[in-house]
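Peer 1: Have a look at this one.
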Amino acid sequence: MSEILIRNAAHLVTMNPAREEIAGGDLLVRGGVIAAVGRGLATAGAVIDAAGCVVTPGLVNTHHHLYQTLTRAVPGGQDALLFGWLKALYPVWARFGPEEIRVSALAGLAELALSGCTLTSDHLYLYPNGARLDDTVAAAAEIGLRFHPTRGAMSIGESRGGLPPDALVEEEAAILKDMERVVDAFHDPAPGAMVRVGLAPCSPFSVSRDLMRETARLARDRGVMLHTHLAENDEDVAYSLAKFGCRPGQYAEDLGWTGPDVWHAHCVRLDADEIGLFARSRTGVAHCPCSNCRLGSGIAPLRAMRDAGVPVGLGVDGSASNDAGNLLAEARQAMLLQRVARGADAMSAREALEIATLGGARVLGRDDCGALEPGRRADIAVWDIDGIEAAGAWDPVAALVLCGPTRVRDLFVEGRQIVRDGHVATVDLGRVIEHQTRLARRLMA
């Protein structure tokens, strides 16, 4: 069985129950699993010198729309709130097909990898012109990241009072049938799984109550997780009150959308009662601070959620509403926003890093990821702190969030090296960028 030894890290951040940080630490990987953590370890296998580096668990991204990587900085959506932003972009997305979905996912996944991400979810809720969830699964396999794609859906178009154009919605029977198909085709419940599928109607303003209920039943029958957008901004809450006569948290609970097998994106406008509901039910939240700022949605009550015991991870959200895909930047922004809202001691750099690693793994139901300890999967990020970004930093671990570096030196997923010396090792990134640029120009024409 092959071995890799990551040796002599300046600081090895374990995220184990004691939150140990080992100076001069070693980490032994055997067969894709962490075999030992400590000092003075030896191997007959490959050795990676981590002198001058901080080694952390791979970061975990709990919310993304990878297809949007083709529509960054679109003029019509640059200065709009959520609903206006969606209306500006829906007509562009309607022109996508399988090639656009796959190439956009390749670019987004490569960007995540370079920011230290080893595990990402994706919320694909539109399927124009023959596109399928399979297109993103293929891209993730090519890059080599651990992947949690979710089969999203929109079924209520403009003609029936929904937000999306009718051309982008699907019949609910067809949606449920394809949900069954992708679970059967791709979901792997085993420890160490590289692909796990979730079911994810887009939002309360784009699907029916019936689809929400039926999706919850299907997910629990098949043992997969549930995901959607919830309480993203004031417009979202107002829509829920007007259409359903209740706040978003109550809507979710009434339809069976709370519990440890559910996580909701954003939750910027959860009130105290909803936070209590999520804490009691162990319902997870994907916090997307950069996107929330970009769309003017507000500052999510992250400190209150954490204090109450709500499981929280980070998400970069779609590249049309961020517009970047750097997960370490999300950790920094999450910390800074809580300090803006509640003071400089509201969140430490280490807590932000914990949310970005162990927190995200817990939200996605992955007790085999998120920490560097024996038995966990070998998802590892190696950060070079000898560069200009961290020059002068007294605390290199805190520096990862406070100043940098912002790009990982080496990245391993299941013990396989995905990033080597700051470059993606699994695909020709130049060709991906060239292909992405060509498709973007075609869409602009």
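All residue names refer to the structure tokens as shown: chains lettered A, B, ... in order, residues numbered from 1 in each chain, ligands numbered from 1 in order.
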Could you list, as a list of chain:residue names, every residue within 6 Å of segment 187-195 of chain A, counting only C-alpha atoms and ignoring same-chain residues fewer than 5 positions away?
Peer 2: A:Arg146, A:Phe147, A:His148
Peer 1: Which polymer residues have any atom within 9 Å of an atom of segment 74-80 of chain A, counting only C-alpha atoms, with same-chain residues fewer than 4 positions away left out, as JSON, numbers by chain?
Peer 2: {"A": [84, 85, 86, 87, 88, 89, 294, 295, 296, 320, 321]}
Peer 1: Between A:Ala344, A:Val13, A:Gly276, A:Pro204, single out the one closest to Leu241 of chain A, counting only C-alpha atoms.
Peer 2: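 For Leu241 of chain A, the nearest of the candidates is A:Pro204.
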Peer 1: Using only C-alpha atoms, I'd like a table of the residues in segment 115-166 of chain A that come within 10 Å of segment 417-433 of chain A; for each, show the closest atom pair and its distance in Å rounded to one decimal, ordered by chain and ascending number, as JSON lines.
Peer 2:
{"residue": "A:Ser115", "atom": "CA", "partner": "A:Gly422", "partner_atom": "CA", "distance": 9.7}
{"residue": "A:Gly116", "atom": "CA", "partner": "A:Val419", "partner_atom": "CA", "distance": 8.8}
{"residue": "A:Thr118", "atom": "CA", "partner": "A:Ile418", "partner_atom": "CA", "distance": 8.9}
{"residue": "A:Ala141", "atom": "CA", "partner": "A:Thr426", "partner_atom": "CA", "distance": 9.8}
{"residue": "A:Glu142", "atom": "CA", "partner": "A:Thr426", "partner_atom": "CA", "distance": 7.0}
{"residue": "A:Ile143", "atom": "CA", "partner": "A:Thr426", "partner_atom": "CA", "distance": 5.7}
{"residue": "A:Gly144", "atom": "CA", "partner": "A:Ile418", "partner_atom": "CA", "distance": 6.5}
{"residue": "A:Leu145", "atom": "CA", "partner": "A:Ile418", "partner_atom": "CA", "distance": 7.8}
Peer 1: I'd like to know which of A:Ala329, A:Arg102, A:Thr62, A:Val224 is closest to His264 of chain A, using only C-alpha atoms.
Peer 2: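 Of A:Ala329, A:Arg102, A:Thr62, A:Val224, the one nearest His264 of chain A is A:Thr62, counting only C-alpha atoms.
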Peer 1: Just list the residues in segment 246-296 of chain A DSSP gives helix (DSSP H, G or I) on the backbone, as a list in words.
Peer 2: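 Those in segment 246-296 of chain A that DSSP calls helix (DSSP H, G or I) are Pro248, Gly249, Gln250, Tyr251, Ala252, Glu253, Asp254, Ala272, Asp273, Glu274, Ile275, Gly276, Leu277, Phe278, Ala279, Arg280, Ser281, Pro289, Cys290, Ser291, Asn292, Cys293 and Arg294 of chain A.
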Peer 1: Deliver the residues from the most recent selection as a file, using N, CA and C atoms, as an mmCIF file, in the first residue's frame.
Peer 2:
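Heads up, here's the output in part_32.cif:
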data_model
loop_
_atom_site.group_PDB
_atom_site.id
_atom_site.type_symbol
_atom_site.label_atom_id
_atom_site.label_comp_id
_atom_site.auth_asym_id
_atom_site.auth_seq_id
_atom_site.Cartn_x
_atom_site.Cartn_y
_atom_site.Cartn_z
ATOM 1 N N PRO A 248 -39.468 31.885 6.862
ATOM 2 C CA PRO A 248 -38.805 30.768 6.171
ATOM 3 C C PRO A 248 -38.515 29.560 7.057
ATOM 4 N N GLY A 249 -38.107 29.778 8.301
ATOM 5 C CA GLY A 249 -37.818 28.651 9.184
ATOM 6 C C GLY A 249 -39.040 27.788 9.434
ATOM 7 N N GLN A 250 -40.196 28.424 9.646
ATOM 8 C CA GLN A 250 -41.429 27.678 9.857
ATOM 9 C C GLN A 250 -41.828 26.926 8.596
ATOM 10 N N TYR A 251 -41.655 27.590 7.440
ATOM 11 C CA TYR A 251 -41.932 26.941 6.152
ATOM 12 C C TYR A 251 -41.095 25.674 6.008
ATOM 13 N N ALA A 252 -39.812 25.775 6.328
ATOM 14 C CA ALA A 252 -38.931 24.611 6.220
ATOM 15 C C ALA A 252 -39.378 23.491 7.160
ATOM 16 N N GLU A 253 -39.691 23.837 8.394
ATOM 17 C CA GLU A 253 -40.088 22.809 9.359
ATOM 18 C C GLU A 253 -41.391 22.139 8.941
ATOM 19 N N ASP A 254 -42.350 22.925 8.468
ATOM 20 C CA ASP A 254 -43.647 22.364 8.072
ATOM 21 C C ASP A 254 -43.518 21.347 6.944
ATOM 22 N N ALA A 272 -34.256 34.823 16.017
ATOM 23 C CA ALA A 272 -33.823 34.040 17.179
ATOM 24 C C ALA A 272 -34.574 32.718 17.276
ATOM 25 N N ASP A 273 -35.876 32.730 16.985
ATOM 26 C CA ASP A 273 -36.654 31.485 17.055
ATOM 27 C C ASP A 273 -36.175 30.483 16.008
ATOM 28 N N GLU A 274 -35.864 30.969 14.817
ATOM 29 C CA GLU A 274 -35.397 30.078 13.758
ATOM 30 C C GLU A 274 -34.009 29.522 14.075
ATOM 31 N N ILE A 275 -33.169 30.342 14.659
ATOM 32 C CA ILE A 275 -31.855 29.853 15.081
ATOM 33 C C ILE A 275 -32.021 28.756 16.125
ATOM 34 N N GLY A 276 -32.943 28.954 17.067
ATOM 35 C CA GLY A 276 -33.211 27.922 18.064
ATOM 36 C C GLY A 276 -33.726 26.634 17.437
ATOM 37 N N LEU A 277 -34.594 26.759 16.438
ATOM 38 C CA LEU A 277 -35.120 25.591 15.723
ATOM 39 C C LEU A 277 -33.991 24.834 15.043
ATOM 40 N N PHE A 278 -33.111 25.542 14.356
ATOM 41 C CA PHE A 278 -32.006 24.888 13.664
ATOM 42 C C PHE A 278 -31.046 24.232 14.651
ATOM 43 N N ALA A 279 -30.823 24.870 15.775
ATOM 44 C CA ALA A 279 -29.927 24.288 16.785
ATOM 45 C C ALA A 279 -30.517 23.001 17.358
ATOM 46 N N ARG A 280 -31.808 23.028 17.702
ATOM 47 C CA ARG A 280 -32.456 21.840 18.283
ATOM 48 C C ARG A 280 -32.490 20.680 17.296
ATOM 49 N N SER A 281 -32.730 20.989 16.052
ATOM 50 C CA SER A 281 -32.896 19.946 15.036
ATOM 51 C C SER A 281 -31.580 19.575 14.355
ATOM 52 N N PRO A 289 -20.420 34.567 3.055
ATOM 53 C CA PRO A 289 -20.276 35.982 3.390
ATOM 54 C C PRO A 289 -19.970 36.895 2.211
ATOM 55 N N CYS A 290 -19.113 36.470 1.283
ATOM 56 C CA CYS A 290 -18.769 37.356 0.162
ATOM 57 C C CYS A 290 -19.974 37.592 -0.744
ATOM 58 N N SER A 291 -20.710 36.549 -1.056
ATOM 59 C CA SER A 291 -21.906 36.694 -1.871
ATOM 60 C C SER A 291 -22.947 37.549 -1.162
ATOM 61 N N ASN A 292 -23.113 37.354 0.126
ATOM 62 C CA ASN A 292 -24.070 38.166 0.881
ATOM 63 C C ASN A 292 -23.710 39.647 0.826
ATOM 64 N N CYS A 293 -22.412 39.951 0.841
ATOM 65 C CA CYS A 293 -21.970 41.336 0.690
ATOM 66 C C CYS A 293 -22.209 41.832 -0.737
ATOM 67 N N ARG A 294 -21.831 41.031 -1.700
ATOM 68 C CA ARG A 294 -21.930 41.407 -3.112
ATOM 69 C C ARG A 294 -23.362 41.750 -3.509
#
Peer 1: Between A:Leu124, A:Leu28, A:Leu12, A:Leu302, single out the one closest to Val397 of chain A, counting only C-alpha atoms.
Peer 2: A:Leu12
Peer 1: Excluding Gln333 of chain A and any residue of its chain fewer than 5 positions from it, enumerate the residues within 12 Å of it, using only C-alpha atoms, and give them as a PyMOL selection string.
Peer 2: chain A and resi 287-294+299-300+302+314-316+322+326-328+338-340+347-349+352-353+356+401-403
Peer 1: Which of these residues is nearest to Ile22 of chain A, using only C-alpha atoms: A:Ala324, A:Ala10, A:Leu199, A:Met335?
Peer 2: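 Under the stated criterion, the closest residue is A:Ala10.
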Peer 1: Suppose you want the space between atom CA of Val262 of chain A and atom CA of Met225 of chain A; what is it in Å?
Peer 2: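 The value is 5.8 Å.
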Peer 1: As a list of chain:residue names, please: the residues near Ala399 of chain A (cut-off 9 Å, only C-alpha atoms, same-chain neighbours under 4 positions excluded).
Peer 2: A:Ala349, A:Ile385, A:Glu389, A:Ala390, A:Ala393, A:Trp394, A:Asp395, A:Cys403, A:Gly404, A:Pro405
Peer 1: What is the atom CA of Ala371 of chain A to atom CA of Val60 of chain A distance in Å?
Peer 2: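 These two atoms are separated by 10.9 Å.
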Peer 1: Using Å and a single decimal, report how far atom CA of Arg366 of chain A sits from atom CA of Asp49 of chain A.
Peer 2: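 Atom CA of Arg366 of chain A lies 28.4 Å from atom CA of Asp49 of chain A.
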Peer 1: Which residue is closest to Gly223 of chain A? Choose from A:Thr357, A:Gly325, A:Glu373, A:Gly365 and count only C-alpha atoms.
Peer 2: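 Under the stated criterion, the closest residue is A:Gly365.
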Peer 1: List as a list of chain:residue names the protein and nucleic acid residues near segment 158-162 of chain A, meaning an atom at most 10 Å away when only C-alpha atoms are counted, but skip any in the same chain fewer than 4 places from it.
Peer 2: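 Contacts, with the query itself left out: A:Met154, A:Asp166, A:Ala167, A:Val169, A:Pro204, A:Phe205, A:Ser206, A:Val207, A:Ser208, A:Lys243.
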Peer 1: Atoms to include: C-alpha atoms. Write the selected residues as a PDB file, in the first residue's frame.
Peer 2:
ATOM      1  CA  MET A 154     -37.093  24.860 -10.513  1.00  0.00           C
ATOM      2  CA  ASP A 166     -40.890  29.365 -17.883  1.00  0.00           C
ATOM      3  CA  ALA A 167     -38.174  28.117 -20.257  1.00  0.00           C
ATOM      4  CA  VAL A 169     -38.458  25.201 -15.221  1.00  0.00           C
ATOM      5  CA  PRO A 204     -39.237  28.564  -1.908  1.00  0.00           C
ATOM      6  CA  PHE A 205     -39.880  31.052  -4.740  1.00  0.00           C
ATOM      7  CA  SER A 206     -39.130  28.622  -7.587  1.00  0.00           C
ATOM      8  CA  VAL A 207     -40.729  25.294  -6.581  1.00  0.00           C
ATOM      9  CA  SER A 208     -44.037  24.137  -5.111  1.00  0.00           C
ATOM     10  CA  LYS A 243     -47.061  33.526  -0.165  1.00  0.00           C
TER      11      LYS A 243
END
